[in-house]
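Chemist: One structure is given below, represented as structure tokens, and several questions about it will come after.
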Protein chains: 2
Amino acid sequence: MNVRHETRPIVPEQELISLGLQAFQGLGLNERNAQDVVEVLVLADLFGLSTHGLSRVESYGERLAVGGIAKNPDITVERAAPALVTVDGANGVGPLVGMHGLRAAMEVAREYGIGAAFVRGSNHFGPISPYSYLAAEAGFASMIGSNATTTIAPWGGSDARLGNSPLGFGVPGADGAHFMLDMAMSVVARAKIRNALKAGDAIPDTWGTDRQGRKTTDPKAALDGFLQPIGGHKGYGLALMVDMFAGVLSNAAYLTHVKSWVDAPDEPQNLGHFFILIDTRRLGAAQWLAERMRDFAAILHGSPAVEADKPVIVPGEIELANMKRQRAQGIALDPAVLELLKAHGQASAV
Amino acid sequence: MNVRHETRPIVPEQELISLGLQAFQGLGLNERNAQDVVEVLVLADLFGLSTHGLSRVESYGERLAVGGIAKNPDITVERAAPALVTVDGANGVGPLVGMHGLRAAMEVAREYGIGAAFVRGSNHFGPISPYSYLAAEAGFASMIGSNATTTIAPWGGSDARLGNSPLGFGVPGADGAHFMLDMAMSVVARAKIRNALKAGDAIPDTWGTDRQGRKTTDPKAALDGFLQPIGGHKGYGLALMVDMFAGVLSNAAYLTHVKSWVDAPDEPQNLGHFFILIDTRRLGAAQWLAERMRDFAAILHGSPAVEADKPVIVPGEIELANMKRQRAQGIALDPAVLELLKAHGQASAV
């Protein structure tokens with residue numbers, strides 16, 4: 001058996017933060033803006049979501065370079081109603097705009113018990129769990145979503161008209177064991193279909209459709225076609241909901257109005273996000289909620305596992321365990337990402 | 001070919017409302033409380049959701065008769081924070097408690113732009129789309145959910161520990177064409193598996209598991225086992241989210257703490273709901289939103305249909321078309337439901 005061991009550099013958290021800050025400053029962001037971006041992306045890396053972590057310096061960097069994203073935008077926050085804010089990200093880097101949205105929503109939710117920020121003029125804002133995590137750490141339950149470039153056909157339709165929009169939820173747990181659900185609407189990611197193609201395997205007919213929108217078990221046809229949403233019309237409906245809240249209500253682009261990063265890298269995408277936060281401490285004492293959340297998890301963990309080595313878990317457990325481990329041992333990084341961070345960082349030192 | 005034509009009585013909306021009011025008053029509710037219940041259930045019938053409409057007079061009636069539901073409860077509404085209310089349904093009929101929750105959330109959302117009601121001490125509150133519809137008619141976007149009796153195994157687990165909780169979303173559309181998504185978390189309803197068993201068909205292995213929690217294509221085994229959630233771990237996560245917002249945060253029962261109607265008909269279920277409403281008129285003029293929603297639907301409708309006779313639709317279209325037709329022509333009712341309504345109504349006249 002020919003086992004290949006990948007050696008990935010292990011970088012301590014503080015060093016990764018420094019590398020990230022230097023890289024984004026090298027790309028033209030001021031220190032404060034770079035801090036927001038790096039906070040989100042390093043949390044993603046800590047959680048083990050490396051495809052949505054600092055590896056994004058590549059795609060974000062390309063668009064910053066061609067002027068498709070503003071380096072230091074004039075982000076404006078307006079109070080539409082006492083507990084409702086609108087944020088114009090002015091085409092800033094997604095996680096920078098996202099952090100402005102999160103903070104604005106936290107501020108009004110703290111005051112009124114519930115609050116929301118509707119964000120327009122943004123870009124890809126990373127994964128959702130870093131925002132859910134920061135909200136949960138501050139005592140907020142959260143519902144957060146973003147729209148995305150169109151890659152999915154409407155249910156029963158045959159061309160890409162909606163995005164594989166991420167949707168996330170969080171609830172503060174006992175001793176930091178927060179519930180964090182972060183999901184896109186497709187049954188599987190495209191990478192999983194690519195793996196099936198490489199392995200020469202057929203795929204379940206629930207994963208994708210061909211270019212005509214018909215179900216297929218052929219990974220090649222599915223890669224030429226569209227991802228299928230979870231539960232068919234249900235996932236389609238959820239994806240629409242996210243786009244209505246993140247795109248329509250926020251006054252951002254939506255559906256086919258969202259520009260593609262690939263086809264138009266120098267044009268603003270005008271992506272939208274929403275952040276709905278609830279201050280759980282208004283509903284009961286922290287101890288009250290901690291006990292209920294502990295009991296909730298215990299009930300689920302108590303279900304006998306179908307496969308003995310795969311115990312039942314609650315969404316967020318894997319990410320939080322990864323964070324704990326990588327905070328102690330350092331973060332495993334793709335060597336190419338490390339090189340790119342250093343290269344952009346040197347630009348800032350010049 | 002032996003085609004059987006079902007003849008179902010067609011009842012005009014106003015007559016159905018009267019029958020419903022008399023029936024629930026016959027079951028002991030006062031007129032005002034009966035009005036709330038009937039408003040929700042008749043909307044369900046108008047939408048064509050007859051399994052969740054006035055047919056529920058049977059199960060609600062049984063539990064009212066044995067004292068498992070309070071006829072005229074002292075429902076209390078408390079302001080936990082300026083935009084956050086908690087509602088104690090005091091074990092009232094679900095749609096009655098639900099309407100109190102909806103109104104309380106509308107009141108604070110009108111004042112603060114966003115508002116929420118967390119409801120405890122409730123029972124089965126009907127389908128979600130009637131609440132989404134009433135909210136949308138008043139200009140509110142909505143996120144509404146309820147927990148439910150446990151029928152689903154945790155992902156990777158092998159006994160029923162969570163409910164097939166309904167979750168719904170609404171956004172006001174142009175000229176009443178509201179977006180209304182109302183979904184439970186299972187891939188299919190149990191009825192669809194029962195139909196496969198009757199027809200002697202195998203089922204896709206994504207519909208259900210056997211009693212040991214293992215995927216199965218045998219409808220018999222699936223009926224003895226558990227429904228599978230949409231997207232596997234994703235639908236499991238969504239079901240947990242609904243139970244955390246509807247059950248944990250509301251101080252209601254959750255997971256296995258929810259009592260079964262079947263096993264304990266005379267004990268309060270202490271079900272919970274949540275209503276999160278956003279006053280869309282704070283985000284922009286009604287005309288602004290109407291134009292965006294019209295464009296949103298037009299983009300989706302414009303996708304060439306995979307099957308020519310099945311054009312792409314937006315969630316809510318079917319229900320609203322059913323309502324329009326049945327408001328004009330009367331509502332098709334199961335004869336047994338009509339008899340039961342009349343029987344309970346006569347009790348009120350005695």
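Ordering of the structure tokens sets the chain letters (A, B, ...); residue numbers start at 1 within each chain; ligands are numbered from 1 in the order shown.
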Please, can I see chain B fitted onto chain A by all in-order Cα atoms (least squares), as a compact mmCIF listing (two decimals) with C-alpha atoms, in the first residue's frame?

Modeler:
```
# COMPACT_ATOMS: atom_id res chain seq x y z
CA MET B 1 -0.16 -0.02 0.35
CA ASN B 2 1.17 3.30 -0.75
CA VAL B 3 0.23 5.82 1.92
CA ARG B 4 1.18 9.39 1.18
CA HIS B 5 1.75 11.63 4.18
CA GLU B 6 1.11 15.26 3.50
CA THR B 7 3.34 17.54 5.48
CA ARG B 8 1.62 20.80 6.10
CA PRO B 9 3.31 23.65 7.97
CA ILE B 10 1.91 24.18 11.47
CA VAL B 11 1.64 27.86 12.35
CA PRO B 12 0.82 29.19 15.84
CA GLU B 13 -2.34 31.30 15.95
CA GLN B 14 -0.56 34.55 16.81
CA GLU B 15 1.93 34.09 13.99
CA LEU B 16 -0.89 33.34 11.54
CA ILE B 17 -2.70 36.50 12.62
CA SER B 18 0.49 38.52 12.05
CA LEU B 19 1.01 36.95 8.63
CA GLY B 20 -2.60 37.68 7.73
CA LEU B 21 -2.40 41.28 8.90
CA GLN B 22 0.78 41.89 6.93
CA ALA B 23 -0.66 40.25 3.83
CA PHE B 24 -3.87 42.29 3.80
CA GLN B 25 -1.95 45.46 4.58
CA GLY B 26 0.32 44.51 1.69
CA LEU B 27 -2.82 44.35 -0.43
CA GLY B 28 -3.61 47.93 0.57
CA LEU B 29 -5.95 47.64 3.55
CA ASN B 30 -5.26 49.85 6.55
CA GLU B 31 -4.45 48.09 9.83
CA ARG B 32 -7.93 48.37 11.32
CA ASN B 33 -9.61 47.00 8.20
CA ALA B 34 -7.06 44.21 7.92
CA GLN B 35 -7.84 43.26 11.53
CA ASP B 36 -11.52 42.69 10.75
CA VAL B 37 -10.75 40.55 7.72
CA VAL B 38 -8.14 38.50 9.54
CA GLU B 39 -10.36 37.95 12.59
CA VAL B 40 -12.98 36.21 10.43
CA LEU B 41 -10.57 34.23 8.26
CA VAL B 42 -8.33 33.01 11.10
CA LEU B 43 -11.41 31.83 13.01
CA ALA B 44 -12.33 29.87 9.87
CA ASP B 45 -8.86 28.31 9.83
CA LEU B 46 -9.07 27.53 13.55
CA PHE B 47 -12.43 25.79 12.93
CA GLY B 48 -10.78 23.68 10.23
CA LEU B 49 -12.68 25.41 7.41
CA SER B 50 -9.46 26.01 5.50
CA THR B 51 -11.17 26.51 2.12
CA HIS B 52 -12.86 29.55 3.67
CA GLY B 53 -9.94 30.76 5.78
CA LEU B 54 -6.80 32.72 4.94
CA SER B 55 -6.58 30.73 1.69
CA ARG B 56 -9.06 33.34 0.47
CA VAL B 57 -6.17 35.80 0.33
CA GLU B 58 -5.74 34.46 -3.21
CA SER B 59 -9.20 35.32 -4.61
CA TYR B 60 -9.64 38.43 -2.48
CA GLY B 61 -6.13 39.54 -3.46
CA GLU B 62 -6.79 39.11 -7.17
CA ARG B 63 -9.89 41.25 -6.99
CA LEU B 64 -8.22 43.89 -4.82
CA ALA B 65 -5.42 44.05 -7.41
CA VAL B 66 -7.77 44.71 -10.35
CA GLY B 67 -9.89 47.16 -8.38
CA GLY B 68 -12.88 44.81 -8.19
CA ILE B 69 -12.95 45.37 -4.40
CA ALA B 70 -12.35 48.67 -2.61
CA LYS B 71 -9.37 48.56 -0.25
CA ASN B 72 -10.54 51.02 2.38
CA PRO B 73 -14.18 51.76 1.65
CA ASP B 74 -16.31 54.36 3.38
CA ILE B 75 -18.74 51.94 5.02
CA THR B 76 -21.93 53.65 6.19
CA VAL B 77 -24.39 52.44 8.82
CA GLU B 78 -27.90 53.89 8.98
CA ARG B 79 -30.63 53.36 11.53
CA ALA B 80 -33.75 52.44 9.52
CA ALA B 81 -35.74 51.89 12.73
CA PRO B 82 -34.72 51.70 16.40
CA ALA B 83 -33.66 48.03 16.16
CA LEU B 84 -32.98 47.85 12.43
CA VAL B 85 -29.83 49.06 10.70
CA THR B 86 -28.81 49.11 7.06
CA VAL B 87 -25.15 48.92 6.12
CA ASP B 88 -23.60 49.98 2.82
CA GLY B 89 -20.30 48.14 2.49
CA ALA B 90 -19.18 50.39 -0.38
CA ASN B 91 -17.69 47.34 -2.10
CA GLY B 92 -15.24 46.52 0.67
CA VAL B 93 -13.67 43.12 1.32
CA GLY B 94 -16.50 40.80 2.45
CA PRO B 95 -15.33 39.96 5.99
CA LEU B 96 -14.62 43.66 6.65
CA VAL B 97 -18.15 44.58 5.63
CA GLY B 98 -19.50 41.53 7.47
CA MET B 99 -17.83 42.58 10.72
CA HIS B 100 -19.40 46.04 10.40
CA GLY B 101 -22.78 44.38 9.93
CA LEU B 102 -22.27 42.06 12.89
CA ARG B 103 -21.21 44.89 15.22
CA ALA B 104 -24.10 47.10 14.12
CA ALA B 105 -26.60 44.29 14.73
CA MET B 106 -25.06 43.50 18.14
CA GLU B 107 -25.36 47.12 19.19
CA VAL B 108 -29.09 47.40 18.48
CA ALA B 109 -29.84 43.87 19.74
CA ARG B 110 -28.15 44.72 23.03
CA GLU B 111 -30.43 47.74 23.38
CA TYR B 112 -33.76 46.28 22.16
CA GLY B 113 -33.39 42.54 22.83
CA ILE B 114 -33.45 41.74 19.13
CA GLY B 115 -31.81 43.63 16.29
CA ALA B 116 -30.92 43.21 12.66
CA ALA B 117 -28.48 44.55 10.11
CA PHE B 118 -29.25 44.34 6.39
CA VAL B 119 -26.05 44.75 4.41
CA ARG B 120 -25.54 45.70 0.75
CA GLY B 121 -22.50 46.60 -1.35
CA SER B 122 -20.47 43.64 -0.11
CA ASN B 123 -18.49 40.70 -1.41
CA HIS B 124 -17.82 37.09 -0.37
CA PHE B 125 -17.79 37.39 3.43
CA GLY B 126 -16.19 34.06 4.37
CA PRO B 127 -17.99 31.27 6.22
CA ILE B 128 -20.80 32.08 8.65
CA SER B 129 -19.59 30.25 11.74
CA PRO B 130 -16.99 32.90 12.73
CA TYR B 131 -19.79 35.47 12.95
CA SER B 132 -22.08 33.03 14.81
CA TYR B 133 -19.21 32.30 17.18
CA LEU B 134 -18.47 35.94 17.96
CA ALA B 135 -22.18 36.57 18.49
CA ALA B 136 -22.55 33.54 20.77
CA GLU B 137 -19.49 34.54 22.79
CA ALA B 138 -21.26 37.86 23.43
CA GLY B 139 -24.51 36.10 24.44
CA PHE B 140 -26.44 36.43 21.19
CA ALA B 141 -28.43 33.79 19.32
CA SER B 142 -28.06 34.47 15.60
CA MET B 143 -29.51 33.93 12.16
CA ILE B 144 -27.06 35.02 9.47
CA GLY B 145 -27.06 34.61 5.72
CA SER B 146 -25.51 35.86 2.50
CA ASN B 147 -26.39 35.55 -1.14
CA ALA B 148 -23.87 34.34 -3.69
CA THR B 149 -23.02 34.06 -7.38
CA THR B 150 -25.61 32.03 -9.31
CA THR B 151 -24.71 28.34 -9.59
CA ILE B 152 -28.04 26.58 -8.96
CA ALA B 153 -31.04 26.15 -11.25
CA PRO B 154 -34.50 26.92 -9.85
CA TRP B 155 -36.34 23.70 -8.92
CA GLY B 156 -37.75 22.43 -12.21
CA GLY B 157 -35.73 24.96 -14.20
CA SER B 158 -32.69 24.49 -16.39
CA ASP B 159 -30.27 27.36 -15.99
CA ALA B 160 -28.32 28.89 -13.11
CA ARG B 161 -30.44 31.62 -11.56
CA LEU B 162 -29.71 31.42 -7.86
CA GLY B 163 -26.72 31.07 -5.59
CA ASN B 164 -25.69 28.25 -3.28
CA SER B 165 -26.32 30.74 -0.49
CA PRO B 166 -24.92 30.03 2.96
CA LEU B 167 -27.22 30.21 5.97
CA GLY B 168 -26.14 29.91 9.57
CA PHE B 169 -27.56 29.81 13.06
CA GLY B 170 -25.96 30.06 16.47
CA VAL B 171 -27.05 29.72 20.10
CA PRO B 172 -24.70 30.30 23.06
CA GLY B 173 -23.89 27.00 24.77
CA ALA B 174 -22.59 26.08 28.22
CA ASP B 175 -18.87 26.78 28.71
CA GLY B 176 -18.38 27.87 25.12
CA ALA B 177 -20.07 24.79 23.60
CA HIS B 178 -22.07 26.93 21.22
CA PHE B 179 -24.52 25.53 18.71
CA MET B 180 -23.23 26.63 15.30
CA LEU B 181 -24.89 25.49 12.10
CA ASP B 182 -23.31 26.76 8.88
CA MET B 183 -24.69 25.29 5.70
CA ALA B 184 -25.03 25.90 2.00
CA MET B 185 -28.12 24.67 0.18
CA SER B 186 -26.61 22.01 -2.08
CA VAL B 187 -26.66 18.32 -1.12
CA VAL B 188 -22.90 18.19 -1.67
CA ALA B 189 -20.14 20.56 -2.73
CA ARG B 190 -18.87 20.36 -6.32
CA ALA B 191 -15.58 18.98 -4.99
CA LYS B 192 -17.34 15.77 -3.95
CA ILE B 193 -18.64 15.28 -7.50
CA ARG B 194 -15.15 15.96 -8.88
CA ASN B 195 -13.81 13.27 -6.54
CA ALA B 196 -16.38 10.77 -7.84
CA LEU B 197 -15.35 11.57 -11.41
CA LYS B 198 -11.69 10.99 -10.56
CA ALA B 199 -12.52 7.69 -8.85
CA GLY B 200 -14.70 6.62 -11.80
CA ASP B 201 -17.75 6.29 -9.55
CA ALA B 202 -21.38 7.01 -10.31
CA ILE B 203 -23.06 9.56 -8.03
CA PRO B 204 -26.48 9.33 -6.34
CA ASP B 205 -29.11 11.00 -8.53
CA THR B 206 -29.83 13.50 -5.74
CA TRP B 207 -26.50 15.34 -6.04
CA GLY B 208 -26.70 17.10 -9.38
CA THR B 209 -28.49 17.55 -12.67
CA ASP B 210 -27.18 17.68 -16.22
CA ARG B 211 -27.20 20.92 -18.26
CA GLN B 212 -30.86 20.34 -19.12
CA GLY B 213 -31.75 20.22 -15.42
CA ARG B 214 -32.41 16.46 -15.46
CA LYS B 215 -31.24 14.24 -12.58
CA THR B 216 -28.07 12.34 -13.35
CA THR B 217 -25.78 9.70 -11.85
CA ASP B 218 -22.92 10.71 -14.18
CA PRO B 219 -20.43 12.96 -12.36
CA LYS B 220 -19.23 14.46 -15.67
CA ALA B 221 -22.78 15.46 -16.64
CA ALA B 222 -23.38 16.87 -13.16
CA LEU B 223 -20.23 19.01 -13.31
CA ASP B 224 -21.47 20.41 -16.63
CA GLY B 225 -24.88 20.97 -15.04
CA PHE B 226 -26.09 22.18 -11.66
CA LEU B 227 -25.91 21.21 -8.01
CA GLN B 228 -29.19 19.99 -6.53
CA PRO B 229 -30.49 21.67 -3.39
CA ILE B 230 -31.19 19.62 -0.25
CA GLY B 231 -34.69 18.18 -0.17
CA GLY B 232 -35.39 19.33 -3.75
CA HIS B 233 -38.03 22.06 -3.62
CA LYS B 234 -37.33 22.59 0.11
CA GLY B 235 -33.68 23.53 -0.36
CA TYR B 236 -34.69 25.60 -3.39
CA GLY B 237 -37.12 27.47 -1.16
CA LEU B 238 -34.48 27.99 1.53
CA ALA B 239 -32.00 29.34 -1.03
CA LEU B 240 -34.66 31.79 -2.22
CA MET B 241 -35.39 32.83 1.35
CA VAL B 242 -31.73 33.63 1.97
CA ASP B 243 -31.55 35.66 -1.23
CA MET B 244 -34.72 37.57 -0.34
CA PHE B 245 -33.44 38.50 3.13
CA ALA B 246 -29.79 39.02 2.10
CA GLY B 247 -30.39 40.49 -1.34
CA VAL B 248 -33.91 41.87 -1.85
CA LEU B 249 -34.58 43.34 1.61
CA SER B 250 -31.02 44.71 1.95
CA ASN B 251 -31.23 46.58 -1.38
CA ALA B 252 -28.27 44.56 -2.70
CA ALA B 253 -28.17 42.55 -5.93
CA TYR B 254 -30.05 39.23 -6.03
CA LEU B 255 -30.36 36.15 -8.25
CA THR B 256 -28.89 36.84 -11.71
CA HIS B 257 -28.16 40.48 -10.81
CA VAL B 258 -25.20 39.25 -8.74
CA LYS B 259 -22.08 39.65 -10.87
CA SER B 260 -19.73 36.70 -11.18
CA TRP B 261 -16.22 37.02 -9.75
CA VAL B 262 -14.93 34.89 -12.58
CA ASP B 263 -16.67 36.63 -15.49
CA ALA B 264 -16.42 40.20 -14.19
CA PRO B 265 -13.59 40.40 -11.61
CA ASP B 266 -13.35 44.19 -11.84
CA GLU B 267 -17.06 44.93 -11.30
CA PRO B 268 -18.68 45.30 -7.87
CA GLN B 269 -20.78 42.25 -6.97
CA ASN B 270 -23.10 44.14 -4.64
CA LEU B 271 -23.62 41.04 -2.54
CA GLY B 272 -25.92 41.27 0.48
CA HIS B 273 -25.99 39.77 3.96
CA PHE B 274 -28.35 39.76 6.90
CA PHE B 275 -27.56 39.50 10.61
CA ILE B 276 -30.47 38.89 13.01
CA LEU B 277 -29.37 38.74 16.64
CA ILE B 278 -31.24 38.00 19.86
CA ASP B 279 -29.82 38.92 23.23
CA THR B 280 -30.44 35.66 25.10
CA ARG B 281 -29.79 37.31 28.47
CA ARG B 282 -33.08 39.15 28.11
CA LEU B 283 -34.84 35.78 27.95
CA GLY B 284 -33.24 34.30 31.05
CA ALA B 285 -30.05 34.16 33.11
CA ALA B 286 -26.90 32.86 31.46
CA GLN B 287 -26.99 29.93 33.90
CA TRP B 288 -30.57 29.07 32.90
CA LEU B 289 -29.62 28.89 29.23
CA ALA B 290 -26.37 27.04 29.94
CA GLU B 291 -28.26 24.30 31.79
CA ARG B 292 -30.83 23.93 29.03
CA MET B 293 -28.15 23.81 26.34
CA ARG B 294 -26.15 21.21 28.30
CA ASP B 295 -29.28 19.07 28.68
CA PHE B 296 -30.15 19.55 24.99
CA ALA B 297 -26.72 18.25 23.89
CA ALA B 298 -26.82 15.40 26.43
CA ILE B 299 -30.15 14.14 25.06
CA LEU B 300 -28.74 14.04 21.53
CA HIS B 301 -25.44 12.46 22.58
CA GLY B 302 -27.45 9.80 24.39
CA SER B 303 -28.92 8.39 21.21
CA PRO B 304 -27.20 5.03 20.49
CA ALA B 305 -24.96 5.50 17.45
CA VAL B 306 -25.75 3.56 14.28
CA GLU B 307 -22.01 3.08 13.79
CA ALA B 308 -20.25 2.64 17.12
CA ASP B 309 -17.26 4.78 16.12
CA LYS B 310 -19.46 7.68 14.98
CA PRO B 311 -21.29 9.07 18.01
CA VAL B 312 -24.08 11.58 17.50
CA ILE B 313 -22.80 15.15 17.46
CA VAL B 314 -24.35 18.61 17.64
CA PRO B 315 -23.48 21.15 14.91
CA GLY B 316 -20.47 23.21 16.00
CA GLU B 317 -18.76 20.45 17.96
CA ILE B 318 -16.26 19.60 15.24
CA GLU B 319 -15.34 23.24 14.62
CA LEU B 320 -14.94 24.02 18.33
CA ALA B 321 -12.82 20.89 18.89
CA ASN B 322 -10.62 21.88 15.93
CA MET B 323 -10.26 25.36 17.41
CA LYS B 324 -9.25 24.03 20.81
CA ARG B 325 -6.68 21.67 19.30
CA GLN B 326 -5.24 24.19 16.86
CA ARG B 327 -5.09 26.95 19.47
CA ALA B 328 -2.89 24.61 21.52
CA GLN B 329 -0.87 23.00 18.73
CA GLY B 330 -0.90 25.54 15.93
CA ILE B 331 -2.87 25.69 12.70
CA ALA B 332 -2.19 23.35 9.77
CA LEU B 333 -1.83 25.45 6.63
CA ASP B 334 -1.54 24.72 2.93
CA PRO B 335 2.13 25.54 2.03
CA ALA B 336 0.95 27.52 -1.03
CA VAL B 337 -1.24 29.71 1.19
CA LEU B 338 1.66 30.32 3.54
CA GLU B 339 3.85 31.41 0.61
CA LEU B 340 1.15 33.70 -0.73
CA LEU B 341 0.64 35.33 2.68
CA LYS B 342 4.37 35.95 2.93
CA ALA B 343 4.56 37.34 -0.61
CA HIS B 344 1.73 39.82 0.01
CA GLY B 345 3.25 40.65 3.41
CA GLN B 346 6.59 41.53 1.84
CA ALA B 347 4.79 43.96 -0.45
CA SER B 348 3.60 45.77 2.68
CA ALA B 349 7.12 45.94 4.09
CA VAL B 350 8.55 47.48 0.90
```

Chemist: Give the strand (DSSP E) residues of segment 193-321 of chain A, as assigned by DSSP on the backbone, as a PDB file with N, CA and C atoms, in the first residue's frame.

Modeler:
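Saved the output as result.pdb:
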```
ATOM      1  N   GLY A 208     -26.760  16.098  -8.297  1.00  0.00           N
ATOM      2  CA  GLY A 208     -26.683  17.117  -9.340  1.00  0.00           C
ATOM      3  C   GLY A 208     -27.596  16.810 -10.501  1.00  0.00           C
ATOM      4  N   THR A 209     -27.718  17.781 -11.398  1.00  0.00           N
ATOM      5  CA  THR A 209     -28.465  17.562 -12.638  1.00  0.00           C
ATOM      6  C   THR A 209     -27.517  17.829 -13.802  1.00  0.00           C
ATOM      7  N   LYS A 215     -31.990  15.007 -13.515  1.00  0.00           N
ATOM      8  CA  LYS A 215     -31.197  14.243 -12.551  1.00  0.00           C
ATOM      9  C   LYS A 215     -30.198  13.340 -13.247  1.00  0.00           C
ATOM     10  N   THR A 216     -29.023  13.194 -12.673  1.00  0.00           N
ATOM     11  CA  THR A 216     -28.024  12.344 -13.315  1.00  0.00           C
ATOM     12  C   THR A 216     -27.183  11.623 -12.271  1.00  0.00           C
ATOM     13  N   PHE A 226     -25.841  21.399 -12.837  1.00  0.00           N
ATOM     14  CA  PHE A 226     -26.083  22.192 -11.635  1.00  0.00           C
ATOM     15  C   PHE A 226     -26.120  21.324 -10.385  1.00  0.00           C
ATOM     16  N   LEU A 227     -25.755  21.910  -9.283  1.00  0.00           N
ATOM     17  CA  LEU A 227     -25.898  21.229  -7.994  1.00  0.00           C
ATOM     18  C   LEU A 227     -27.382  21.159  -7.650  1.00  0.00           C
ATOM     19  N   LEU A 271     -23.059  42.134  -3.330  1.00  0.00           N
ATOM     20  CA  LEU A 271     -23.627  41.044  -2.543  1.00  0.00           C
ATOM     21  C   LEU A 271     -24.285  41.597  -1.278  1.00  0.00           C
ATOM     22  N   GLY A 272     -25.235  40.848  -0.737  1.00  0.00           N
ATOM     23  CA  GLY A 272     -25.916  41.275   0.480  1.00  0.00           C
ATOM     24  C   GLY A 272     -25.862  40.217   1.568  1.00  0.00           C
ATOM     25  N   HIS A 273     -25.954  40.666   2.810  1.00  0.00           N
ATOM     26  CA  HIS A 273     -26.000  39.764   3.958  1.00  0.00           C
ATOM     27  C   HIS A 273     -27.090  40.233   4.919  1.00  0.00           C
ATOM     28  N   PHE A 274     -27.516  39.334   5.783  1.00  0.00           N
ATOM     29  CA  PHE A 274     -28.361  39.770   6.903  1.00  0.00           C
ATOM     30  C   PHE A 274     -27.840  39.167   8.190  1.00  0.00           C
ATOM     31  N   PHE A 275     -27.970  39.918   9.252  1.00  0.00           N
ATOM     32  CA  PHE A 275     -27.577  39.496  10.602  1.00  0.00           C
ATOM     33  C   PHE A 275     -28.764  39.779  11.521  1.00  0.00           C
ATOM     34  N   ILE A 276     -29.382  38.732  12.045  1.00  0.00           N
ATOM     35  CA  ILE A 276     -30.474  38.900  13.008  1.00  0.00           C
ATOM     36  C   ILE A 276     -29.989  38.324  14.333  1.00  0.00           C
ATOM     37  N   LEU A 277     -29.934  39.167  15.347  1.00  0.00           N
ATOM     38  CA  LEU A 277     -29.378  38.731  16.628  1.00  0.00           C
ATOM     39  C   LEU A 277     -30.386  38.907  17.748  1.00  0.00           C
ATOM     40  N   ILE A 278     -30.370  37.960  18.677  1.00  0.00           N
ATOM     41  CA  ILE A 278     -31.256  38.007  19.848  1.00  0.00           C
ATOM     42  C   ILE A 278     -30.394  37.939  21.098  1.00  0.00           C
ATOM     43  N   ASP A 279     -30.591  38.900  21.979  1.00  0.00           N
ATOM     44  CA  ASP A 279     -29.826  38.916  23.228  1.00  0.00           C
ATOM     45  C   ASP A 279     -30.450  37.916  24.193  1.00  0.00           C
TER      46      ASP A 279
END
```
